[in-house]
file final_15.cif (mmCIF, C-alpha atoms and all ligand atoms)
data_input
#
loop_
_atom_site.label_atom_id
_atom_site.label_comp_id
_atom_site.auth_asym_id
_atom_site.auth_seq_id
_atom_site.Cartn_x
_atom_site.Cartn_y
_atom_site.Cartn_z
CA MET Z 1 -50.77 11.23 -51.94
CA LEU Z 2 -47.57 13.28 -52.25
CA GLY Z 3 -49.15 16.08 -50.17
CA LYS Z 4 -48.97 14.09 -46.99
CA PHE Z 5 -45.18 14.02 -47.08
CA PHE Z 6 -43.24 16.88 -45.53
CA GLN Z 7 -41.97 19.40 -48.07
CA LYS Z 8 -38.65 21.12 -47.41
CA PRO Z 9 -38.43 24.93 -47.76
CA GLU Z 10 -37.42 26.32 -51.18
CA ALA Z 11 -33.93 27.55 -50.20
CA ASP Z 12 -32.86 24.15 -48.94
CA GLN Z 13 -34.36 22.45 -51.99
CA SER Z 14 -32.50 24.56 -54.54
CA GLN Z 15 -29.17 23.50 -53.01
CA ARG Z 16 -30.11 19.91 -53.67
CA VAL Z 17 -30.83 20.43 -57.39
CA PRO Z 18 -27.69 19.76 -59.48
CA PRO Z 19 -26.57 22.23 -62.15
CA GLY Z 20 -28.71 22.33 -65.30
CA GLN Z 21 -31.64 20.57 -63.58
CA HIS Z 22 -35.11 21.82 -62.61
CA LEU Z 23 -37.64 20.33 -60.20
CA ALA Z 24 -40.29 18.20 -61.87
CA SER Z 25 -43.89 18.31 -60.83
CA GLY Z 26 -45.10 14.80 -60.14
CA PHE Z 27 -42.87 11.86 -60.95
CA PRO Z 28 -42.31 11.66 -64.71
CA VAL Z 29 -41.88 8.27 -66.40
CA LEU Z 30 -38.85 7.90 -68.66
CA THR Z 31 -38.82 4.63 -70.60
CA TYR Z 32 -37.13 3.75 -73.86
CA GLY Z 33 -39.35 1.28 -75.74
CA GLN Z 34 -42.07 -0.96 -74.36
CA THR Z 35 -42.91 -1.41 -70.70
CA PRO Z 36 -42.38 -5.11 -69.91
CA GLU Z 37 -45.07 -6.99 -67.95
CA VAL Z 38 -43.39 -8.97 -65.18
CA THR Z 39 -45.29 -10.49 -62.27
CA THR Z 40 -43.71 -11.03 -58.86
CA THR Z 41 -44.14 -14.80 -59.42
CA GLU Z 42 -42.10 -14.79 -62.61
CA TRP Z 43 -39.59 -12.14 -61.53
CA GLN Z 44 -36.05 -13.43 -61.02
CA LEU Z 45 -32.72 -11.78 -60.50
CA GLU Z 46 -29.86 -13.65 -62.09
CA ILE Z 47 -26.18 -13.23 -61.24
CA TRP Z 48 -23.52 -14.20 -63.76
CA GLY Z 49 -20.10 -13.31 -65.17
CA ALA Z 50 -17.21 -12.82 -62.76
CA ALA Z 51 -19.24 -14.09 -59.80
CA GLN Z 52 -20.73 -17.38 -58.73
CA SER Z 53 -23.97 -17.83 -60.70
CA ALA Z 54 -27.08 -17.39 -58.56
CA THR Z 55 -30.78 -16.77 -58.98
CA PHE Z 56 -33.01 -14.90 -56.55
CA SER Z 57 -36.81 -15.04 -56.53
CA TRP Z 58 -39.29 -12.50 -55.19
CA SER Z 59 -39.55 -14.47 -51.92
CA ASP Z 60 -35.75 -14.56 -51.62
CA LEU Z 61 -35.76 -10.77 -51.93
CA MET Z 62 -38.57 -10.41 -49.38
CA ALA Z 63 -36.61 -12.57 -46.92
CA MET Z 64 -33.73 -10.04 -46.94
CA PRO Z 65 -33.76 -7.03 -44.55
CA GLN Z 66 -36.26 -4.39 -45.73
CA HIS Z 67 -35.61 -0.65 -45.39
CA ASN Z 68 -37.28 2.63 -46.25
CA PHE Z 69 -35.19 5.03 -48.35
CA THR Z 70 -35.64 8.70 -49.18
CA ALA Z 71 -33.58 9.71 -52.19
CA ASP Z 72 -33.31 12.49 -54.77
CA PHE Z 73 -33.73 11.44 -58.40
CA HIS Z 74 -32.01 13.22 -61.30
CA CYS Z 75 -32.81 12.48 -64.95
CA VAL Z 76 -30.25 13.57 -67.54
CA THR Z 77 -33.11 15.12 -69.56
CA ARG Z 78 -32.90 17.86 -66.86
CA TRP Z 79 -35.67 17.09 -64.39
CA SER Z 80 -35.07 16.18 -60.76
CA LYS Z 81 -37.43 14.95 -58.08
CA LEU Z 82 -36.44 15.34 -54.44
CA ASP Z 83 -37.34 13.06 -51.54
CA VAL Z 84 -38.66 10.07 -53.46
CA GLN Z 85 -39.73 7.47 -50.89
CA TRP Z 86 -38.98 3.85 -51.59
CA THR Z 87 -38.85 0.52 -49.78
CA GLY Z 88 -36.52 -2.29 -50.70
CA VAL Z 89 -33.27 -4.13 -50.07
CA LYS Z 90 -29.81 -2.60 -49.78
CA VAL Z 91 -27.34 -3.61 -52.47
CA THR Z 92 -24.87 -4.36 -49.67
CA ASP Z 93 -27.33 -6.86 -48.15
CA LEU Z 94 -27.82 -8.54 -51.53
CA MET Z 95 -24.03 -8.66 -51.89
CA SER Z 96 -23.70 -10.63 -48.65
CA HIS Z 97 -25.41 -13.52 -50.53
CA LEU Z 98 -22.99 -13.36 -53.50
CA SER Z 99 -19.54 -14.68 -54.13
CA VAL Z 100 -17.85 -12.22 -56.48
CA ASP Z 101 -14.51 -12.76 -58.19
CA PRO Z 102 -11.93 -10.30 -56.77
CA LYS Z 103 -11.11 -9.38 -60.38
CA ALA Z 104 -14.64 -8.03 -60.96
CA LEU Z 105 -14.47 -4.23 -61.09
CA TYR Z 106 -17.57 -3.42 -63.16
CA LEU Z 107 -21.12 -4.58 -63.68
CA MET Z 108 -23.76 -4.55 -66.34
CA GLN Z 109 -27.33 -4.13 -65.12
CA HIS Z 110 -29.76 -6.09 -67.35
CA SER Z 111 -33.48 -5.35 -67.51
CA TYR Z 112 -36.45 -7.31 -68.74
CA GLY Z 113 -36.99 -5.84 -72.20
CA ASP Z 114 -33.23 -5.71 -72.87
CA TYR Z 115 -32.24 -2.30 -71.46
CA THR Z 116 -28.72 -2.36 -70.07
CA THR Z 117 -26.61 0.14 -68.15
CA ASN Z 118 -23.05 -0.20 -66.90
CA ILE Z 119 -21.74 0.81 -63.47
CA SER Z 120 -18.43 0.41 -61.67
CA LEU Z 121 -18.33 -1.91 -58.66
CA VAL Z 122 -17.32 1.06 -56.46
CA ASP Z 123 -20.41 3.03 -57.51
CA PHE Z 124 -22.62 -0.06 -57.18
CA LEU Z 125 -21.48 -0.98 -53.66
CA ARG Z 126 -22.43 2.33 -52.03
CA GLN Z 127 -24.48 2.01 -48.83
CA GLU Z 128 -27.34 4.13 -50.17
CA ASN Z 129 -28.06 1.97 -53.24
CA PHE Z 130 -31.00 -0.40 -53.17
CA LEU Z 131 -33.37 -2.68 -55.06
CA ALA Z 132 -36.79 -1.06 -54.81
CA HIS Z 133 -40.16 -2.83 -54.85
CA THR Z 134 -42.29 -0.12 -53.21
CA LEU Z 135 -42.79 3.56 -54.11
CA PHE Z 136 -44.51 5.98 -51.69
CA GLY Z 137 -45.94 3.02 -49.80
CA GLN Z 138 -47.47 1.28 -52.85
CA PRO Z 139 -46.18 -1.65 -54.91
CA LEU Z 140 -43.74 -0.16 -57.43
CA PRO Z 141 -45.91 0.64 -60.49
CA LYS Z 142 -44.78 -1.13 -63.64
CA GLU Z 143 -44.10 2.15 -65.47
CA HIS Z 144 -41.58 3.02 -62.71
CA GLY Z 145 -39.91 -0.41 -63.01
CA GLY Z 146 -42.06 -2.78 -60.97
CA PRO Z 147 -41.84 -5.33 -59.63
CA VAL Z 148 -38.16 -4.56 -58.90
CA ARG Z 149 -35.73 -1.86 -60.01
CA LEU Z 150 -32.34 -0.70 -58.91
CA VAL Z 151 -31.92 2.81 -57.46
CA VAL Z 152 -28.48 4.46 -57.47
CA PRO Z 153 -29.20 7.94 -56.05
CA HIS Z 154 -25.76 9.49 -56.61
CA LEU Z 155 -25.79 8.97 -60.40
CA TYR Z 156 -28.19 10.15 -63.13
CA ALA Z 157 -31.28 7.98 -63.08
CA TRP Z 158 -30.51 6.18 -66.34
CA LYS Z 159 -28.06 4.21 -64.11
CA SER Z 160 -31.06 2.89 -62.12
CA ALA Z 161 -32.37 -0.01 -64.22
CA LYS Z 162 -36.12 -0.59 -64.12
CA TRP Z 163 -37.42 -4.22 -64.32
CA LEU Z 164 -34.05 -5.45 -63.12
CA ARG Z 165 -33.47 -9.07 -64.16
CA GLY Z 166 -29.71 -9.55 -64.01
CA LEU Z 167 -26.38 -8.38 -62.71
CA GLU Z 168 -23.39 -9.35 -64.82
CA PHE Z 169 -20.07 -8.89 -63.05
CA LEU Z 170 -17.22 -7.84 -65.36
CA GLU Z 171 -13.46 -7.60 -65.18
CA GLN Z 172 -13.42 -4.95 -67.88
CA GLU Z 173 -15.77 -2.04 -68.34
CA ASP Z 174 -18.45 -2.51 -70.98
CA LEU Z 175 -21.03 0.06 -72.11
CA GLY Z 176 -24.79 -0.21 -71.70
CA PHE Z 177 -27.56 1.01 -73.98
CA TRP Z 178 -27.39 4.79 -73.43
CA GLU Z 179 -23.65 4.74 -72.90
CA ARG Z 180 -23.20 3.20 -76.37
CA ASN Z 181 -25.41 5.99 -77.67
CA GLY Z 182 -23.21 8.81 -76.41
CA TYR Z 183 -24.05 9.12 -72.74
CA HIS Z 184 -21.33 9.31 -70.13
CA ARG Z 185 -19.89 6.05 -68.82
CA ARG Z 186 -20.40 7.19 -65.19
CA GLY Z 187 -23.10 9.91 -65.17
CA GLU Z 188 -22.54 11.90 -61.97
CA PRO Z 189 -25.07 14.78 -61.86
CA TRP Z 190 -23.08 17.31 -59.75
CA GLY Z 191 -20.29 17.12 -62.32
CA GLU Z 192 -22.85 17.18 -65.17
CA GLU Z 193 -21.42 13.98 -66.59
CA ARG Z 194 -24.11 13.85 -69.28
CA TYR Z 195 -22.34 12.87 -72.52
CA SER Z 196 -19.22 10.86 -73.27
CA GLY Z 197 -17.54 13.95 -74.78
CA ASN Z 198 -16.90 15.61 -71.39
CA GLY Z 199 -14.78 12.92 -69.83
N1 LIG Z 201 -35.17 -0.85 -68.09
C1 LIG Z 201 -35.12 0.48 -68.15
N2 LIG Z 201 -34.63 1.15 -67.09
C2 LIG Z 201 -34.58 2.51 -67.12
C3 LIG Z 201 -34.98 3.23 -68.26
C4 LIG Z 201 -35.48 2.49 -69.36
O1 LIG Z 201 -35.87 3.05 -70.40
N3 LIG Z 201 -35.54 1.11 -69.27
N4 LIG Z 201 -34.88 4.60 -68.29
C5 LIG Z 201 -33.90 5.20 -67.37
C6 LIG Z 201 -34.02 6.64 -67.28
S1 LIG Z 201 -33.38 7.56 -68.54
C7 LIG Z 201 -34.53 7.26 -66.17
S2 LIG Z 201 -34.54 8.93 -65.99
C8 LIG Z 201 -35.20 6.48 -65.12
C9 LIG Z 201 -36.63 6.92 -65.06
O2 LIG Z 201 -37.31 6.25 -64.03
P1 LIG Z 201 -38.87 6.55 -63.87
O3 LIG Z 201 -39.52 6.23 -65.18
O4 LIG Z 201 -39.30 5.69 -62.73
O5 LIG Z 201 -38.99 8.02 -63.57
O6 LIG Z 201 -35.18 5.07 -65.35
C10 LIG Z 201 -34.00 4.59 -65.98
N5 LIG Z 201 -34.08 3.14 -66.03
MO MO Z 202 -33.34 9.73 -67.75
#
call {"tool": "encode", "arguments": {"input": "final_15.cif", "output": "structure tokens"}}
result
Amino acid sequence: MLGKFFQKPEADQSQRVPPGQHLASGFPVLTYGQTPEVTTTEWQLEIWGAAQSATFSWSDLMAMPQHNFTADFHCVTRWSKLDVQWTGVKVTDLMSHLSVDPKALYLMQHSYGDYTTNISLVDFLRQENFLAHTLFGQPLPKEHGGPVRLVVPHLYAWKSAKWLRGLEFLEQEDLGFWERNGYHRRGEPWGEERYSGNG
């Protein structure tokens, strides 16, 4: 299935691989703990904290503008995958349905199965971020976060919560699961923001 997508020449590819990373073959699965089973019927996205509470269903998400995205994916365990092809909804389009407190500067992403990861509002609001429900033209497989995950291409992939179930808006920064366990609070791959020790 991957073979039918255009592959860029080597030289161009290497410039897109951040320092300390190598290209993965295939698309590895990186999950801490169990893979939750969530159907599209039961899937909900809840909004709480420093924002007006709201709940979105699968059909609410499907009613929002749908886009295809091609994005590079960088795991802090040193593999990268270029040109991953997704379909989903832009974070900025989701945001047009929310009423967020002006004091909210951070968020916590919450997953089914209790994974969390923090992100600043500035990093979250970037145009290229999206909620994905389709991967290479197929429903997002559960091991990759289906039915719905967040994708934040400009940060290490631990900042892209699989099985997304909630967005908690925060006035003060809080730390998510990996961040409490020593990973960097921001996680920008070109700056190798891997661990909390380096900034
Ligand atoms: N809910 C949840 N989201 C998660 C993870 C996880 O364990 N649980 N792992 C993160 C990490 S470390 C990476 S690299 C990517 C991996 O996504 P993939 O399994 O689709 O490759 O998901 C991120 N999102
Ligand atoms: Mo990762």
call {"tool": "residues_near_ligand", "arguments": {"input": "final_15.cif", "ligand": "ligand MO 202 (chain Z)", "cutoff": "10 Å", "atoms": "only C-alpha atoms and all ligand atoms", "output": "list in words"}}
result
Pro28, Val29, Leu30, Thr31, Tyr32, Phe73, His74, Cys75, Val76, Thr77, Arg78, Trp79, Ser80, Tyr156, Ala157, Trp158, Lys159, Ser160 and Trp178 of chain Z
call {"tool": "closest_residue", "arguments": {"input": "final_15.cif", "among": "Z:Arg186, Z:Lys103, Z:Lys90, Z:His97", "to": "Leu150 of chain Z", "atoms": "all atoms listed in the file"}}
result
Z:Lys90
call {"tool": "closest_residue", "arguments": {"input": "final_15.cif", "among": "Z:Val17, Z:Leu131, Z:Asp114, Z:Pro147", "to": "Thr41 of chain Z", "atoms": "all atoms listed in the file"}}
result
Z:Pro147
call {"tool": "closest_atom_pairs", "arguments": {"input": "final_15.cif", "of": "segment 101-186 of chain Z", "to": "segment 57-64 of chain Z", "cutoff": "12 Å", "atoms": "all atoms listed in the file", "output": "JSON lines"}}
result
{"residue": "Z:Phe130", "atom": "CA", "partner": "Z:Leu61", "partner_atom": "CA", "distance": 11.5}
{"residue": "Z:Leu131", "atom": "CA", "partner": "Z:Leu61", "partner_atom": "CA", "distance": 9.0}
{"residue": "Z:Ala132", "atom": "CA", "partner": "Z:Leu61", "partner_atom": "CA", "distance": 10.2}
{"residue": "Z:His133", "atom": "CA", "partner": "Z:Met62", "partner_atom": "CA", "distance": 9.5}
{"residue": "Z:Thr134", "atom": "CA", "partner": "Z:Met62", "partner_atom": "CA", "distance": 11.6}
{"residue": "Z:Gly146", "atom": "CA", "partner": "Z:Trp58", "partner_atom": "CA", "distance": 11.6}
{"residue": "Z:Pro147", "atom": "CA", "partner": "Z:Trp58", "partner_atom": "CA", "distance": 8.8}
{"residue": "Z:Val148", "atom": "CA", "partner": "Z:Trp58", "partner_atom": "CA", "distance": 8.8}
{"residue": "Z:Leu164", "atom": "CA", "partner": "Z:Trp58", "partner_atom": "CA", "distance": 11.8}
{"residue": "Z:Arg165", "atom": "CA", "partner": "Z:Ser57", "partner_atom": "CA", "distance": 10.2}
{"residue": "Z:Gly166", "atom": "CA", "partner": "Z:Ser57", "partner_atom": "CA", "distance": 11.7}
call {"tool": "closest_residue", "arguments": {"input": "final_15.cif", "among": "Z:Gly113, Z:Gly182, Z:Gly88, Z:Gly20", "to": "ligand LIG 201 (chain Z)", "atoms": "all atoms listed in the file"}}
result
Z:Gly113
call {"tool": "closest_residue", "arguments": {"input": "final_15.cif", "among": "Z:Glu10, Z:Asp83, Z:Glu143, Z:Asp101", "to": "ligand LIG 201 (chain Z)", "atoms": "all atoms listed in the file"}}
result
Z:Glu143
call {"tool": "atom_distance", "arguments": {"input": "final_15.cif", "atom1": "atom CA of Trp86 of chain Z", "atom2": "atom CA of Gly137 of chain Z"}}
result
7.2 Å
call {"tool": "closest_residue", "arguments": {"input": "final_15.cif", "among": "Z:Asn129, Z:Ser96, Z:Ser111, Z:Thr40", "to": "ligand LIG 201 (chain Z)", "atoms": "all atoms listed in the file"}}
result
Z:Ser111
call {"tool": "closest_residue", "arguments": {"input": "final_15.cif", "among": "Z:Gly33, Z:Pro19, Z:Pro153, Z:Pro65", "to": "ligand LIG 201 (chain Z)", "atoms": "only C-alpha atoms and all ligand atoms"}}
result
Z:Gly33
call {"tool": "residues_around", "arguments": {"input": "final_15.cif", "residues": "Gln85 of chain Z", "least_positions_apart": "6", "cutoff": "10 Å", "atoms": "all atoms listed in the file", "output": "short mmCIF file (atom, residue, chain, number, x, y, z; two decimals) with C-alpha atoms, keeping the file's coordinate frame"}}
result
data_model
loop_
_atom_site.label_atom_id
_atom_site.label_comp_id
_atom_site.auth_asym_id
_atom_site.auth_seq_id
_atom_site.Cartn_x
_atom_site.Cartn_y
_atom_site.Cartn_z
CA LEU Z 2 -47.57 13.28 -52.25
CA PHE Z 5 -45.18 14.02 -47.08
CA ASN Z 68 -37.28 2.63 -46.25
CA PHE Z 69 -35.19 5.03 -48.35
CA THR Z 70 -35.64 8.70 -49.18
CA ALA Z 71 -33.58 9.71 -52.19
CA ASP Z 72 -33.31 12.49 -54.77
CA ALA Z 132 -36.79 -1.06 -54.81
CA THR Z 134 -42.29 -0.12 -53.21
CA LEU Z 135 -42.79 3.56 -54.11
CA PHE Z 136 -44.51 5.98 -51.69
CA GLY Z 137 -45.94 3.02 -49.80
#
call {"tool": "atom_distance", "arguments": {"input": "final_15.cif", "atom1": "atom CA of Asp123 of chain Z", "atom2": "atom CA of Met108 of chain Z"}}
result
12.1 Å
call {"tool": "atom_distance", "arguments": {"input": "final_15.cif", "atom1": "atom CA of Glu192 of chain Z", "atom2": "atom CA of Gln109 of chain Z"}}
result
21.8 Å
call {"tool": "closest_atom_pairs", "arguments": {"input": "final_15.cif", "of": "segment 62-163 of chain Z", "to": "segment 170-173 of chain Z", "cutoff": "12 Å", "atoms": "all atoms listed in the file", "output": "Markdown table"}}
result
| residue | atom | partner | partner_atom | distance |
| --- | --- | --- | --- | --- |
| Z:Val100 | CA | Z:Leu170 | CA | 9.9 |
| Z:Asp101 | CA | Z:Glu171 | CA | 8.8 |
| Z:Pro102 | CA | Z:Glu171 | CA | 9.0 |
| Z:Lys103 | CA | Z:Glu171 | CA | 5.6 |
| Z:Ala104 | CA | Z:Glu171 | CA | 4.4 |
| Z:Leu105 | CA | Z:Glu171 | CA | 5.4 |
| Z:Tyr106 | CA | Z:Leu170 | CA | 4.9 |
| Z:Leu107 | CA | Z:Leu170 | CA | 5.4 |
| Z:Met108 | CA | Z:Leu170 | CA | 7.4 |
| Z:Gln109 | CA | Z:Leu170 | CA | 10.8 |
| Z:Thr117 | CA | Z:Glu173 | CA | 11.1 |
| Z:Asn118 | CA | Z:Glu173 | CA | 7.6 |
| Z:Ile119 | CA | Z:Glu173 | CA | 8.2 |
| Z:Ser120 | CA | Z:Glu173 | CA | 7.6 |
| Z:Leu121 | CA | Z:Leu170 | CA | 9.0 |
call {"tool": "axis_aligned_box", "arguments": {"input": "final_15.cif", "around": "segment 154-170 of chain Z", "padding_each_side": "8 Å", "output": "JSON"}}
result
{"center_x": -27.3, "center_y": 0.3, "center_z": -61.5, "size_x": 36.2, "size_y": 35.7, "size_z": 25.7}
call {"tool": "residues_around", "arguments": {"input": "final_15.cif", "residues": "Arg16 of chain Z", "least_positions_apart": "2", "cutoff": "10 Å", "atoms": "all atoms listed in the file", "output": "list in words"}}
result
Ala11, Asp12, Gln13, Ser14, Pro18, Pro19, Leu23, Asp72, Ser80, Lys81, Leu82 and Trp190 of chain Z
call {"tool": "build_atoms", "arguments": {"input": "final_15.cif", "residues": "segment 52-78 of chain Z", "atoms": "N, CA, C and O atoms", "output": "PDB file, keeping the file's coordinate frame"}}
result
ATOM      1  N   GLN Z  52     -20.053 -16.099 -58.730  1.00  0.00           N
ATOM      2  CA  GLN Z  52     -20.730 -17.380 -58.730  1.00  0.00           C
ATOM      3  C   GLN Z  52     -22.173 -17.181 -59.186  1.00  0.00           C
ATOM      4  O   GLN Z  52     -22.862 -16.296 -58.665  1.00  0.00           O
ATOM      5  N   SER Z  53     -22.606 -17.980 -60.171  1.00  0.00           N
ATOM      6  CA  SER Z  53     -23.970 -17.830 -60.700  1.00  0.00           C
ATOM      7  C   SER Z  53     -24.975 -18.051 -59.578  1.00  0.00           C
ATOM      8  O   SER Z  53     -24.789 -18.934 -58.733  1.00  0.00           O
ATOM      9  N   ALA Z  54     -26.033 -17.265 -59.583  1.00  0.00           N
ATOM     10  CA  ALA Z  54     -27.080 -17.390 -58.560  1.00  0.00           C
ATOM     11  C   ALA Z  54     -28.362 -16.829 -59.131  1.00  0.00           C
ATOM     12  O   ALA Z  54     -28.342 -16.031 -60.081  1.00  0.00           O
ATOM     13  N   THR Z  55     -29.472 -17.274 -58.571  1.00  0.00           N
ATOM     14  CA  THR Z  55     -30.780 -16.770 -58.980  1.00  0.00           C
ATOM     15  C   THR Z  55     -31.581 -16.464 -57.720  1.00  0.00           C
ATOM     16  O   THR Z  55     -31.622 -17.280 -56.797  1.00  0.00           O
ATOM     17  N   PHE Z  56     -32.184 -15.292 -57.687  1.00  0.00           N
ATOM     18  CA  PHE Z  56     -33.010 -14.900 -56.550  1.00  0.00           C
ATOM     19  C   PHE Z  56     -34.447 -14.717 -57.025  1.00  0.00           C
ATOM     20  O   PHE Z  56     -34.692 -14.130 -58.083  1.00  0.00           O
ATOM     21  N   SER Z  57     -35.379 -15.216 -56.240  1.00  0.00           N
ATOM     22  CA  SER Z  57     -36.810 -15.040 -56.530  1.00  0.00           C
ATOM     23  C   SER Z  57     -37.344 -13.872 -55.707  1.00  0.00           C
ATOM     24  O   SER Z  57     -36.663 -13.320 -54.841  1.00  0.00           O
ATOM     25  N   TRP Z  58     -38.605 -13.532 -55.969  1.00  0.00           N
ATOM     26  CA  TRP Z  58     -39.290 -12.500 -55.190  1.00  0.00           C
ATOM     27  C   TRP Z  58     -39.264 -12.853 -53.692  1.00  0.00           C
ATOM     28  O   TRP Z  58     -38.962 -12.009 -52.853  1.00  0.00           O
ATOM     29  N   SER Z  59     -39.536 -14.116 -53.353  1.00  0.00           N
ATOM     30  CA  SER Z  59     -39.550 -14.470 -51.920  1.00  0.00           C
ATOM     31  C   SER Z  59     -38.149 -14.425 -51.323  1.00  0.00           C
ATOM     32  O   SER Z  59     -37.989 -14.072 -50.156  1.00  0.00           O
ATOM     33  N   ASP Z  60     -37.127 -14.733 -52.114  1.00  0.00           N
ATOM     34  CA  ASP Z  60     -35.750 -14.560 -51.620  1.00  0.00           C
ATOM     35  C   ASP Z  60     -35.506 -13.089 -51.276  1.00  0.00           C
ATOM     36  O   ASP Z  60     -34.907 -12.766 -50.250  1.00  0.00           O
ATOM     37  N   LEU Z  61     -35.959 -12.204 -52.157  1.00  0.00           N
ATOM     38  CA  LEU Z  61     -35.760 -10.770 -51.930  1.00  0.00           C
ATOM     39  C   LEU Z  61     -36.514 -10.310 -50.683  1.00  0.00           C
ATOM     40  O   LEU Z  61     -36.000  -9.532 -49.873  1.00  0.00           O
ATOM     41  N   MET Z  62     -37.740 -10.799 -50.522  1.00  0.00           N
ATOM     42  CA  MET Z  62     -38.570 -10.410 -49.380  1.00  0.00           C
ATOM     43  C   MET Z  62     -37.990 -10.918 -48.060  1.00  0.00           C
ATOM     44  O   MET Z  62     -38.261 -10.356 -47.006  1.00  0.00           O
ATOM     45  N   ALA Z  63     -37.205 -12.005 -48.138  1.00  0.00           N
ATOM     46  CA  ALA Z  63     -36.610 -12.570 -46.920  1.00  0.00           C
ATOM     47  C   ALA Z  63     -35.380 -11.773 -46.469  1.00  0.00           C
ATOM     48  O   ALA Z  63     -34.886 -11.962 -45.363  1.00  0.00           O
ATOM     49  N   MET Z  64     -34.899 -10.865 -47.315  1.00  0.00           N
ATOM     50  CA  MET Z  64     -33.730 -10.040 -46.940  1.00  0.00           C
ATOM     51  C   MET Z  64     -34.223  -8.837 -46.130  1.00  0.00           C
ATOM     52  O   MET Z  64     -35.403  -8.486 -46.174  1.00  0.00           O
ATOM     53  N   PRO Z  65     -33.340  -8.185 -45.354  1.00  0.00           N
ATOM     54  CA  PRO Z  65     -33.760  -7.030 -44.550  1.00  0.00           C
ATOM     55  C   PRO Z  65     -34.394  -5.940 -45.424  1.00  0.00           C
ATOM     56  O   PRO Z  65     -33.859  -5.621 -46.495  1.00  0.00           O
ATOM     57  N   GLN Z  66     -35.506  -5.403 -44.981  1.00  0.00           N
ATOM     58  CA  GLN Z  66     -36.260  -4.390 -45.730  1.00  0.00           C
ATOM     59  C   GLN Z  66     -36.038  -3.017 -45.083  1.00  0.00           C
ATOM     60  O   GLN Z  66     -36.073  -2.902 -43.867  1.00  0.00           O
ATOM     61  N   HIS Z  67     -35.849  -2.011 -45.905  1.00  0.00           N
ATOM     62  CA  HIS Z  67     -35.610  -0.650 -45.390  1.00  0.00           C
ATOM     63  C   HIS Z  67     -36.413   0.353 -46.194  1.00  0.00           C
ATOM     64  O   HIS Z  67     -36.690   0.133 -47.374  1.00  0.00           O
ATOM     65  N   ASN Z  68     -36.732   1.478 -45.531  1.00  0.00           N
ATOM     66  CA  ASN Z  68     -37.280   2.630 -46.250  1.00  0.00           C
ATOM     67  C   ASN Z  68     -36.120   3.538 -46.642  1.00  0.00           C
ATOM     68  O   ASN Z  68     -35.149   3.684 -45.893  1.00  0.00           O
ATOM     69  N   PHE Z  69     -36.234   4.143 -47.823  1.00  0.00           N
ATOM     70  CA  PHE Z  69     -35.190   5.030 -48.350  1.00  0.00           C
ATOM     71  C   PHE Z  69     -35.853   6.309 -48.839  1.00  0.00           C
ATOM     72  O   PHE Z  69     -36.923   6.249 -49.462  1.00  0.00           O
ATOM     73  N   THR Z  70     -35.220   7.443 -48.581  1.00  0.00           N
ATOM     74  CA  THR Z  70     -35.640   8.700 -49.180  1.00  0.00           C
ATOM     75  C   THR Z  70     -34.474   9.180 -50.015  1.00  0.00           C
ATOM     76  O   THR Z  70     -33.360   9.312 -49.502  1.00  0.00           O
ATOM     77  N   ALA Z  71     -34.703   9.397 -51.305  1.00  0.00           N
ATOM     78  CA  ALA Z  71     -33.580   9.710 -52.190  1.00  0.00           C
ATOM     79  C   ALA Z  71     -34.011  10.712 -53.257  1.00  0.00           C
ATOM     80  O   ALA Z  71     -35.160  10.708 -53.706  1.00  0.00           O
ATOM     81  N   ASP Z  72     -33.080  11.574 -53.659  1.00  0.00           N
ATOM     82  CA  ASP Z  72     -33.310  12.490 -54.770  1.00  0.00           C
ATOM     83  C   ASP Z  72     -33.038  11.750 -56.074  1.00  0.00           C
ATOM     84  O   ASP Z  72     -32.225  10.825 -56.115  1.00  0.00           O
ATOM     85  N   PHE Z  73     -33.732  12.175 -57.132  1.00  0.00           N
ATOM     86  CA  PHE Z  73     -33.730  11.440 -58.400  1.00  0.00           C
ATOM     87  C   PHE Z  73     -33.471  12.444 -59.509  1.00  0.00           C
ATOM     88  O   PHE Z  73     -34.201  13.424 -59.648  1.00  0.00           O
ATOM     89  N   HIS Z  74     -32.423  12.239 -60.294  1.00  0.00           N
ATOM     90  CA  HIS Z  74     -32.010  13.220 -61.300  1.00  0.00           C
ATOM     91  C   HIS Z  74     -31.949  12.569 -62.684  1.00  0.00           C
ATOM     92  O   HIS Z  74     -31.103  11.705 -62.926  1.00  0.00           O
ATOM     93  N   CYS Z  75     -32.841  12.989 -63.577  1.00  0.00           N
ATOM     94  CA  CYS Z  75     -32.810  12.480 -64.950  1.00  0.00           C
ATOM     95  C   CYS Z  75     -31.955  13.398 -65.806  1.00  0.00           C
ATOM     96  O   CYS Z  75     -32.051  14.625 -65.720  1.00  0.00           O
ATOM     97  N   VAL Z  76     -31.153  12.802 -66.676  1.00  0.00           N
ATOM     98  CA  VAL Z  76     -30.250  13.570 -67.540  1.00  0.00           C
ATOM     99  C   VAL Z  76     -31.017  14.485 -68.502  1.00  0.00           C
ATOM    100  O   VAL Z  76     -30.458  15.444 -69.009  1.00  0.00           O
ATOM    101  N   THR Z  77     -32.299  14.221 -68.725  1.00  0.00           N
ATOM    102  CA  THR Z  77     -33.110  15.120 -69.560  1.00  0.00           C
ATOM    103  C   THR Z  77     -33.522  16.376 -68.789  1.00  0.00           C
ATOM    104  O   THR Z  77     -34.376  17.127 -69.239  1.00  0.00           O
ATOM    105  N   ARG Z  78     -32.908  16.601 -67.621  1.00  0.00           N
ATOM    106  CA  ARG Z  78     -32.900  17.860 -66.860  1.00  0.00           C
ATOM    107  C   ARG Z  78     -34.016  18.034 -65.849  1.00  0.00           C
ATOM    108  O   ARG Z  78     -34.195  19.102 -65.299  1.00  0.00           O
TER     109      ARG Z  78
END
